[in-house]
Structures are given as C-alpha cells and as structure tokens.
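Printed here is start.tsv (TSV, C-alpha atoms and all ligand atoms):
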```
chain	number	residue	atom	x	y	z
A	1	MET	CA	-0.06	24.08	-10.02
A	2	ASN	CA	-1.99	25.03	-6.93
A	3	ASN	CA	-0.41	25.15	-3.50
A	4	LEU	CA	-1.81	21.83	-2.26
A	5	ILE	CA	-0.48	19.91	-5.24
A	6	LEU	CA	2.88	21.65	-4.85
A	7	GLN	CA	3.03	20.63	-1.19
A	8	LYS	CA	2.19	17.02	-2.07
A	9	THR	CA	4.80	17.01	-4.82
A	10	TYR	CA	7.40	18.47	-2.47
A	11	ILE	CA	6.81	15.82	0.24
A	12	ARG	CA	6.68	13.04	-2.39
A	13	THR	CA	9.97	14.08	-3.99
A	14	ARG	CA	11.79	14.48	-0.67
A	15	ILE	CA	10.73	11.13	0.82
A	16	LYS	CA	11.16	9.17	-2.44
A	17	HIS	CA	14.69	10.53	-2.59
A	18	GLU	CA	15.38	9.45	0.99
A	19	ARG	CA	14.02	5.96	0.24
A	20	GLN	CA	16.41	5.50	-2.68
A	21	ASN	CA	19.43	5.35	-0.37
A	22	LEU	CA	18.31	2.49	1.91
A	23	THR	CA	20.56	-0.55	2.09
A	24	SER	CA	19.26	-4.09	1.70
A	25	PRO	CA	20.12	-5.15	5.29
A	26	PHE	CA	18.24	-2.09	6.59
A	27	MET	CA	15.21	-2.93	4.44
A	28	GLN	CA	15.27	-6.62	5.43
A	29	ARG	CA	15.48	-5.82	9.14
A	30	ALA	CA	12.58	-3.37	8.80
A	31	ALA	CA	10.39	-5.90	6.94
A	32	ILE	CA	11.01	-8.53	9.64
A	33	ALA	CA	10.33	-6.05	12.47
A	34	ILE	CA	7.06	-5.06	10.76
A	35	LEU	CA	6.05	-8.72	10.41
A	36	GLY	CA	6.77	-9.08	14.15
A	37	HIS	CA	4.21	-6.36	15.01
A	38	ILE	CA	1.65	-7.82	12.62
A	39	SER	CA	1.97	-11.39	13.92
A	40	GLN	CA	1.91	-10.21	17.53
A	41	ALA	CA	-1.31	-8.27	16.87
A	42	LYS	CA	-2.78	-11.38	15.12
A	43	LEU	CA	-3.85	-9.11	12.28
A	44	ILE	CA	-3.69	-11.73	9.53
A	45	GLU	CA	-5.58	-14.43	11.45
A	46	ASN	CA	-8.99	-12.73	11.17
A	47	HIS	CA	-8.93	-12.34	7.38
A	48	GLU	CA	-9.21	-14.72	4.43
A	49	HIS	CA	-8.64	-12.49	1.37
A	50	ILE	CA	-5.75	-10.07	1.82
A	51	ALA	CA	-4.20	-7.59	-0.62
A	52	PHE	CA	-0.47	-6.87	-0.64
A	53	TYR	CA	1.90	-5.19	-3.11
A	54	LEU	CA	5.32	-6.01	-4.56
A	55	PRO	CA	7.78	-3.27	-3.62
A	56	ILE	CA	9.65	-0.83	-5.85
A	57	GLY	CA	11.94	2.13	-5.21
A	58	GLY	CA	12.62	1.47	-1.52
A	59	GLU	CA	9.04	0.70	-0.44
A	60	VAL	CA	8.71	-1.55	2.61
A	61	SER	CA	8.70	-5.16	1.44
A	62	CYS	CA	5.57	-7.20	2.15
A	63	MET	CA	7.32	-10.48	1.28
A	64	PRO	CA	7.75	-11.75	4.87
A	65	ILE	CA	4.08	-10.94	5.57
A	66	ILE	CA	2.95	-12.64	2.34
A	67	GLU	CA	4.91	-15.79	3.25
A	68	TYR	CA	3.38	-15.73	6.72
A	69	ALA	CA	-0.14	-15.27	5.32
A	70	LEU	CA	0.35	-18.08	2.77
A	71	SER	CA	1.58	-20.36	5.56
A	72	LEU	CA	-1.72	-19.71	7.37
A	73	GLY	CA	-3.62	-20.68	4.21
A	74	LYS	CA	-4.78	-17.15	3.40
A	75	LYS	CA	-5.60	-16.00	-0.15
A	76	CYS	CA	-3.15	-13.28	-1.17
A	77	TYR	CA	-3.58	-10.72	-3.95
A	78	ILE	CA	-1.30	-8.21	-5.69
A	79	PRO	CA	-2.34	-5.12	-7.71
A	80	LYS	CA	-2.05	-5.07	-11.47
A	81	VAL	CA	-2.52	-1.76	-13.29
A	82	ASN	CA	-5.43	-2.02	-15.75
A	83	THR	CA	-4.08	-0.16	-18.76
A	84	GLU	CA	-7.47	-0.13	-20.47
A	85	LYS	CA	-8.97	2.25	-17.94
A	86	GLU	CA	-7.78	5.44	-16.30
A	87	ARG	CA	-6.33	5.13	-12.76
A	88	ALA	CA	-7.58	1.54	-12.53
A	89	MET	CA	-6.01	-1.55	-11.03
A	90	ASP	CA	-7.22	-5.06	-10.21
A	91	PHE	CA	-6.10	-7.40	-7.45
A	92	LEU	CA	-4.97	-10.77	-8.86
A	93	PRO	CA	-4.09	-13.90	-6.88
A	94	TYR	CA	-0.46	-14.27	-5.83
A	95	THR	CA	0.66	-17.86	-5.97
A	96	GLY	CA	4.45	-17.48	-5.81
A	97	GLN	CA	7.38	-15.72	-7.41
A	98	GLY	CA	7.04	-17.61	-10.70
A	99	SER	CA	3.60	-16.13	-11.30
A	100	VAL	CA	4.70	-12.48	-11.57
A	101	GLN	CA	6.46	-10.40	-14.21
A	102	LYS	CA	7.52	-6.79	-14.61
A	103	GLY	CA	4.61	-4.63	-15.74
A	104	SER	CA	3.51	-0.98	-15.58
A	105	PHE	CA	6.04	1.39	-13.98
A	106	GLY	CA	8.51	-1.54	-13.72
A	107	ILE	CA	6.53	-3.07	-10.85
A	108	TYR	CA	6.18	-6.87	-10.62
A	109	GLU	CA	2.57	-7.87	-11.27
A	110	PRO	CA	0.69	-11.19	-11.54
A	111	VAL	CA	0.77	-12.66	-15.06
A	112	GLY	CA	-3.01	-13.29	-15.32
A	113	ASP	CA	-5.64	-10.92	-16.68
A	114	ALA	CA	-8.42	-8.88	-15.11
A	115	LYS	CA	-10.88	-11.81	-15.40
A	116	GLU	CA	-9.00	-13.54	-12.55
A	117	ALA	CA	-9.28	-10.50	-10.28
A	118	VAL	CA	-10.81	-10.90	-6.85
A	119	ALA	CA	-14.20	-9.26	-6.33
A	120	PRO	CA	-13.27	-6.07	-4.45
A	121	SER	CA	-15.90	-6.74	-1.76
A	122	LYS	CA	-14.10	-9.98	-0.79
A	123	LEU	CA	-11.01	-8.12	0.40
A	124	SER	CA	-11.16	-7.44	4.12
A	125	LEU	CA	-7.55	-6.37	4.71
A	126	VAL	CA	-5.39	-4.31	2.36
A	127	PHE	CA	-1.73	-3.54	2.93
A	128	MET	CA	-0.96	-0.27	1.17
A	129	PRO	CA	2.25	1.12	-0.22
A	130	LEU	CA	2.81	4.74	0.67
A	131	VAL	CA	5.34	7.50	0.22
A	132	ALA	CA	4.39	9.45	3.35
A	133	PHE	CA	1.77	9.44	6.11
A	134	ASP	CA	0.76	11.66	9.02
A	135	GLY	CA	-0.56	11.17	12.57
A	136	ASN	CA	-4.19	11.24	11.35
A	137	GLY	CA	-3.78	8.30	9.00
A	138	ASN	CA	-3.64	10.41	5.85
A	139	ARG	CA	-1.69	8.78	3.07
A	140	LEU	CA	0.43	10.16	0.24
A	141	GLY	CA	1.06	7.65	-2.54
A	142	MET	CA	3.00	7.71	-5.79
A	143	GLY	CA	0.52	10.19	-7.24
A	144	GLY	CA	-1.37	7.91	-9.61
A	145	GLY	CA	-4.60	7.97	-7.59
A	146	TYR	CA	-4.95	4.17	-7.99
A	147	TYR	CA	-5.82	3.29	-4.39
A	148	ASP	CA	-8.09	6.31	-3.91
A	149	THR	CA	-9.98	5.40	-7.10
A	150	PHE	CA	-10.22	1.70	-6.22
A	151	PHE	CA	-11.92	2.42	-2.89
A	152	ALA	CA	-13.85	5.53	-4.00
A	153	ASN	CA	-17.15	3.65	-4.37
A	154	PHE	CA	-16.97	1.77	-1.08
A	155	SER	CA	-18.97	3.12	1.85
A	156	LYS	CA	-17.07	3.45	5.13
A	157	GLU	CA	-18.73	0.27	6.43
A	158	GLU	CA	-17.86	-1.81	3.35
A	159	ARG	CA	-14.28	-0.63	3.16
A	160	PRO	CA	-11.65	-3.19	4.10
A	161	GLU	CA	-9.16	-2.50	6.86
A	162	LEU	CA	-6.46	-0.33	5.27
A	163	VAL	CA	-3.00	-0.78	6.73
A	164	GLY	CA	-0.01	1.20	5.45
A	165	LEU	CA	3.54	-0.10	5.75
A	166	ALA	CA	6.32	2.44	6.19
A	167	TYR	CA	9.71	3.31	7.59
A	168	ASN	CA	9.74	5.74	10.51
A	169	PHE	CA	11.16	8.56	8.38
A	170	GLN	CA	8.06	8.46	6.13
A	171	LYS	CA	5.98	10.07	8.90
A	172	VAL	CA	5.47	13.81	8.28
A	173	PRO	CA	3.68	16.43	10.43
A	174	ALA	CA	0.72	16.80	8.05
A	175	ILE	CA	-0.30	15.66	4.57
A	176	PRO	CA	-2.51	18.14	2.72
A	177	THR	CA	-5.68	16.28	1.71
A	178	GLU	CA	-8.17	16.39	-1.14
A	179	GLU	CA	-11.74	15.10	-0.84
A	180	TRP	CA	-10.97	11.71	-2.40
A	181	ASP	CA	-7.91	10.94	-0.25
A	182	LEU	CA	-8.34	7.74	1.75
A	183	ARG	CA	-7.49	7.61	5.42
A	184	MET	CA	-5.82	4.46	6.65
A	185	ASN	CA	-6.91	2.53	9.74
A	186	ALA	CA	-3.32	1.86	10.77
A	187	VAL	CA	0.32	2.17	9.75
A	188	VAL	CA	2.95	-0.33	10.81
A	189	THR	CA	6.57	0.79	11.02
A	190	PRO	CA	9.58	-1.12	12.39
A	191	ASN	CA	9.03	0.68	15.74
A	192	HIS	CA	5.26	1.04	16.08
A	193	PHE	CA	1.83	-0.29	15.23
A	194	LEU	CA	-0.07	3.00	14.89
A	195	CYS	CA	-3.88	2.81	14.92
A	196	PHE	CA	-5.91	5.81	13.84
A	197	THR	CA	-9.33	6.56	15.25
A	198	ASP	CA	-12.19	8.20	13.33
A	201	LIG	N1	4.59	-1.50	-5.24
A	201	LIG	C1	3.58	-0.77	-5.66
A	201	LIG	N2	2.67	-1.30	-6.48
A	201	LIG	C2	1.65	-0.52	-6.94
A	201	LIG	C3	1.51	0.82	-6.52
A	201	LIG	C4	2.48	1.35	-5.63
A	201	LIG	O1	2.43	2.53	-5.20
A	201	LIG	N3	3.49	0.53	-5.23
A	201	LIG	N4	0.45	1.55	-6.99
A	201	LIG	C5	-0.17	2.58	-6.28
A	201	LIG	O2	-0.79	3.42	-6.80
A	201	LIG	C6	-0.10	1.19	-8.30
A	201	LIG	C7	0.84	1.71	-9.37
A	201	LIG	N5	0.96	3.12	-9.27
A	201	LIG	C8	2.04	3.90	-9.60
A	201	LIG	C9	1.81	5.24	-9.85
A	201	LIG	C10	2.84	6.07	-10.24
A	201	LIG	C11	4.12	5.57	-10.36
A	201	LIG	C12	5.22	6.49	-10.78
A	201	LIG	O3	5.03	7.67	-10.95
A	201	LIG	N6	6.42	5.95	-10.99
A	201	LIG	C13	7.59	6.71	-11.42
A	201	LIG	C14	8.86	5.93	-11.26
A	201	LIG	C15	8.92	5.11	-10.02
A	201	LIG	C16	9.79	5.70	-8.95
A	201	LIG	O4	9.78	6.92	-8.73
A	201	LIG	O5	10.54	4.93	-8.31
A	201	LIG	C17	7.50	7.02	-12.88
A	201	LIG	O6	7.00	6.17	-13.65
A	201	LIG	O7	7.98	8.11	-13.22
A	201	LIG	C18	4.34	4.24	-10.07
A	201	LIG	C19	3.30	3.41	-9.70
A	201	LIG	C20	-0.31	-0.29	-8.34
A	201	LIG	N7	0.82	-1.04	-7.86
A	202	LIG	N1	-11.75	9.40	-6.52
A	202	LIG	C1	-11.17	10.19	-7.43
A	202	LIG	N2	-11.90	10.88	-8.32
A	202	LIG	C2	-11.32	11.67	-9.21
A	202	LIG	N3	-10.00	11.86	-9.33
A	202	LIG	C3	-9.21	11.22	-8.49
A	202	LIG	C4	-9.75	10.36	-7.49
A	202	LIG	N4	-8.73	9.85	-6.80
A	202	LIG	C5	-7.61	10.36	-7.33
A	202	LIG	N5	-7.88	11.19	-8.35
A	202	LIG	C6	-6.88	11.89	-9.21
A	202	LIG	O1	-5.63	11.24	-9.08
A	202	LIG	C7	-4.60	12.20	-8.85
A	202	LIG	C8	-3.58	11.63	-7.89
A	202	LIG	O2	-4.16	11.52	-6.60
A	202	LIG	P1	-3.24	11.47	-5.31
A	202	LIG	O3	-2.15	12.48	-5.38
A	202	LIG	O4	-4.14	11.47	-4.11
A	202	LIG	O5	-2.60	9.98	-5.53
A	202	LIG	P2	-1.90	9.00	-4.54
A	202	LIG	O6	-2.84	8.61	-3.44
A	202	LIG	O7	-0.62	9.66	-4.12
A	202	LIG	O8	-1.59	7.77	-5.50
A	202	LIG	P3	-1.75	6.16	-5.38
A	202	LIG	O9	-3.06	5.86	-4.69
A	202	LIG	O10	-1.74	5.70	-6.78
A	202	LIG	O11	-0.60	5.67	-4.60
A	202	LIG	C9	-5.31	13.42	-8.29
A	202	LIG	O12	-4.66	14.61	-8.63
A	202	LIG	C10	-6.68	13.34	-8.92
A	202	LIG	O13	-6.67	14.04	-10.15
```
Show how you would write the structure in this file as structure tokens.
Ligand SMILES: Nc1nc2c(c(=O)[nH]1)N(C=O)[C@@H](CNc1ccc(C(=O)N[C@@H](CCC(=O)O)C(=O)O)cc1)CN2
Ligand SMILES: Nc1ncnc2c1ncn2[C@@H]1O[C@H](COP(=O)(O)OP(=O)(O)OP(=O)(O)O)[C@@H](O)[C@H]1O
Amino acid sequence: MNNLILQKTYIRTRIKHERQNLTSPFMQRAAIAILGHISQAKLIENHEHIAFYLPIGGEVSCMPIIEYALSLGKKCYIPKVNTEKERAMDFLPYTGQGSVQKGSFGIYEPVGDAKEAVAPSKLSLVFMPLVAFDGNGNRLGMGGGYYDTFFANFSKEERPELVGLAYNFQKVPAIPTEEWDLRMNAVVTPNHFLCFTD
C-alpha cells in the first residue's frame, strides 16, 4: 500500500473506533444540536429534492433533519448500493421507516429498485456521511468510493450543495487527497456550521 492510502486507512480506523463508543443520549443530543444549526440557517427551505443517509456504526443521525424536511413537504432520498455495478449507488425516495430494510453492509436502504431512483440532477442538497473531515472541506468516507463516484461526472456548477454531518472529534488536521476526492461545501457539527470557500 502506498503512503497516502496508509494514512487514509490509519485515520479511518482511529475515528471509526472512537465512534463505536458513543452513547445513545450523546448521539441524540448531537443530532438535535445539528438540526438546530440547520434550521437556524434555513438550509432546507431553499431545496426541494434532498438526499440523506440512514446511519450505521456511530454516524451522526439524519433522522431529526429528515423529519423536519418531510414536515416542510420536501422530497427526501436515501442511498441504496447498486450491487450490479462497481462503486454505484442510487438515491431512492424515503417515505417512512416502514419503507426501508437492511441491505448492503447492514445499512438500512429503501425497499424499491433502481427504477425509482431520483434523477441525480434533481438533487440540490446532499447530506453526506463521513468518517473524518478537515478544515478545507476534504472528506474521508468508509472507503467504498460511492459518493466520489456518484458525483464524478458532475461539473462544479451542476454539483449539488454537499453538506457533511459530523461530531467535533471527526475533524482532523489534514486529510490526504486523491484527484477524485470530493470537497464538501460545509460540515455541520453540534458546535459549528462550518462553510468552506473555494
Ligand atoms: N449510512 C451510510 N450509508 C451509506 C454510506 C455510508 O457511508 N453511510 N455509503 C457511503 O459510501 C454507501 C455505502 N458504503 C459503504 C462502504 C463501505 C462500508 C464498509 O466497509 N463497511 C464495513 C463495516 C461497517 C463498519 O465498519 O461499521 C465492512 O463491511 O467491513 C460500508 C458502507 C451508501 N450508503
Ligand atoms: N471517480 C473515481 N474514479 C475511479 N476510482 C475511484 C473514484 N472514486 C473513488 N475511486 C476508488 O474508490 C476507492 C475508495 O475511495 P475513497 O477512499 O476516496 O472512498 P471514500 O470517499 O472514503 O468512500 P465513500 O464515498 O464510499 O464514503 C479509491 O481507492 C479508488 O480506487
């Protein structure tokens, strides 16, 4: 393995380990605090088609934000790994807890198939799971390359607003980057709404 991949693997392992030990009250408080920043910034109000994720392994929960977005009449989508292609996922409509089941990697995914997926160009706001981030908006994910691949063919202008959700301890001094790594526009933590400039 080259040095860059080793560094990514090291950061990923360390932070994933730290995330495993979070308690449910801690995670609930964080999710509510994050919703507070998002509602105060009126981030949801300007968008109609919004992508979320359903958390695993100590990721920040989007559930309070999803409920808030649904209450505003927004269309919400959740990723589903497309097992027929490499590093591919689709965003399917989220209509409530009854419409999801455990899928790839043990993550809850919508029951429907890829035919129901939203056209990627409709999404204007995407909440991203992440393992670690840095002060330049670089993101380290689970290592599957799913988000990088999904947005690889978008030009900068077409790309939706990418907003990571994280706990404060997921911020690291620097994430080593490869040419395909996406930069996020913002990261929301329980303490801060961090916007990154170009
Ligand atoms: N909640 C959530 N949904 C998501 C993602 C994500 O990061 N988080 N993804 C973003 O890409 C896609 C799935 N990508 C994944 C890529 C790799 C692994 C993975 O390596 N999992 C470990 C076990 C999980 C763990 O460590 O807790 C494994 O299978 O060994 C999981 C998901 C689509 N849906
Ligand atoms: N646009 C791309 N073109 C070719 N290969 C890619 C691309 N994006 C990602 N990959 C491949 O996917 C692997 C994982 O990428 P990376 O470590 O950046 O994933 P990640 O951002 O942590 O994962 P995820 O987006 O699934 O959360 C890379 O080693 C690379 O081989």
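With distances restricted to only C-alpha atoms, A:Glu59 is the closest residue to Ala166 in chain A from A:Glu48, A:Glu59, A:Glu178, A:Glu84.
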Give as number ranges by chain the residues surrounding ligand LIG 202 (chain A) up to a distance of 12 Å, considering all atoms listed in the file.
A: 1-2, 4-13, 16, 53, 59, 79-81, 86-89, 105, 127-133, 138-154, 164, 175-184
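Of note, CA of Ile66 in chain A and CA of Phe52 in chain A are spaced 7.3 Å apart.
Using all atoms listed in the file, the smallest distance between any of A:Ser24, A:Gln40, A:Thr189, A:Gln97 and Leu54 in chain A comes from A:Gln97.
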Any idea what's packed within 12 Å of Cys62 in chain A, counting only C-alpha atoms, ignoring anything in its chain fewer than 5 positions away? Could you give it as a PDB file with C-alpha atoms, in the coordinates of the input?
```
ATOM      1  CA  MET A  27      15.210  -2.930   4.440  1.00  0.00           C
ATOM      2  CA  GLN A  28      15.270  -6.620   5.430  1.00  0.00           C
ATOM      3  CA  ALA A  30      12.580  -3.370   8.800  1.00  0.00           C
ATOM      4  CA  ALA A  31      10.390  -5.900   6.940  1.00  0.00           C
ATOM      5  CA  ILE A  32      11.010  -8.530   9.640  1.00  0.00           C
ATOM      6  CA  ALA A  33      10.330  -6.050  12.470  1.00  0.00           C
ATOM      7  CA  ILE A  34       7.060  -5.060  10.760  1.00  0.00           C
ATOM      8  CA  LEU A  35       6.050  -8.720  10.410  1.00  0.00           C
ATOM      9  CA  ILE A  38       1.650  -7.820  12.620  1.00  0.00           C
ATOM     10  CA  ILE A  50      -5.750 -10.070   1.820  1.00  0.00           C
ATOM     11  CA  ALA A  51      -4.200  -7.590  -0.620  1.00  0.00           C
ATOM     12  CA  PHE A  52      -0.470  -6.870  -0.640  1.00  0.00           C
ATOM     13  CA  TYR A  53       1.900  -5.190  -3.110  1.00  0.00           C
ATOM     14  CA  LEU A  54       5.320  -6.010  -4.560  1.00  0.00           C
ATOM     15  CA  PRO A  55       7.780  -3.270  -3.620  1.00  0.00           C
ATOM     16  CA  ILE A  56       9.650  -0.830  -5.850  1.00  0.00           C
ATOM     17  CA  GLU A  67       4.910 -15.790   3.250  1.00  0.00           C
ATOM     18  CA  TYR A  68       3.380 -15.730   6.720  1.00  0.00           C
ATOM     19  CA  ALA A  69      -0.140 -15.270   5.320  1.00  0.00           C
ATOM     20  CA  CYS A  76      -3.150 -13.280  -1.170  1.00  0.00           C
ATOM     21  CA  TYR A  77      -3.580 -10.720  -3.950  1.00  0.00           C
ATOM     22  CA  ILE A  78      -1.300  -8.210  -5.690  1.00  0.00           C
ATOM     23  CA  VAL A 126      -5.390  -4.310   2.360  1.00  0.00           C
ATOM     24  CA  PHE A 127      -1.730  -3.540   2.930  1.00  0.00           C
ATOM     25  CA  MET A 128      -0.960  -0.270   1.170  1.00  0.00           C
ATOM     26  CA  PRO A 129       2.250   1.120  -0.220  1.00  0.00           C
ATOM     27  CA  VAL A 163      -3.000  -0.780   6.730  1.00  0.00           C
ATOM     28  CA  GLY A 164      -0.010   1.200   5.450  1.00  0.00           C
ATOM     29  CA  LEU A 165       3.540  -0.100   5.750  1.00  0.00           C
ATOM     30  CA  ALA A 166       6.320   2.440   6.190  1.00  0.00           C
ATOM     31  CA  VAL A 188       2.950  -0.330  10.810  1.00  0.00           C
ATOM     32  CA  THR A 189       6.570   0.790  11.020  1.00  0.00           C
TER      33      THR A 189
END
```
Who sits within 7 Å of Val118 in chain A, only C-alpha atoms, same chain under 4 positions skipped, as an NGL selection string:
:A and (91-92 or 122)
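Among the candidates A:Val60, A:Ala41, A:Leu123, A:Ile65, the residue lying nearest to ligand LIG 201 (chain A) is A:Val60 (atoms considered: only C-alpha atoms and all ligand atoms).
The spacing separating CA of Ser124 in chain A from CA of Asn46 in chain A amounts to 9.1 Å.
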Residues within 10 Å of Leu70 in chain A, please, as a count of residues only. Count all atoms listed in the file; anything in the same chain fewer than 6 positions from it doesn't count.
5
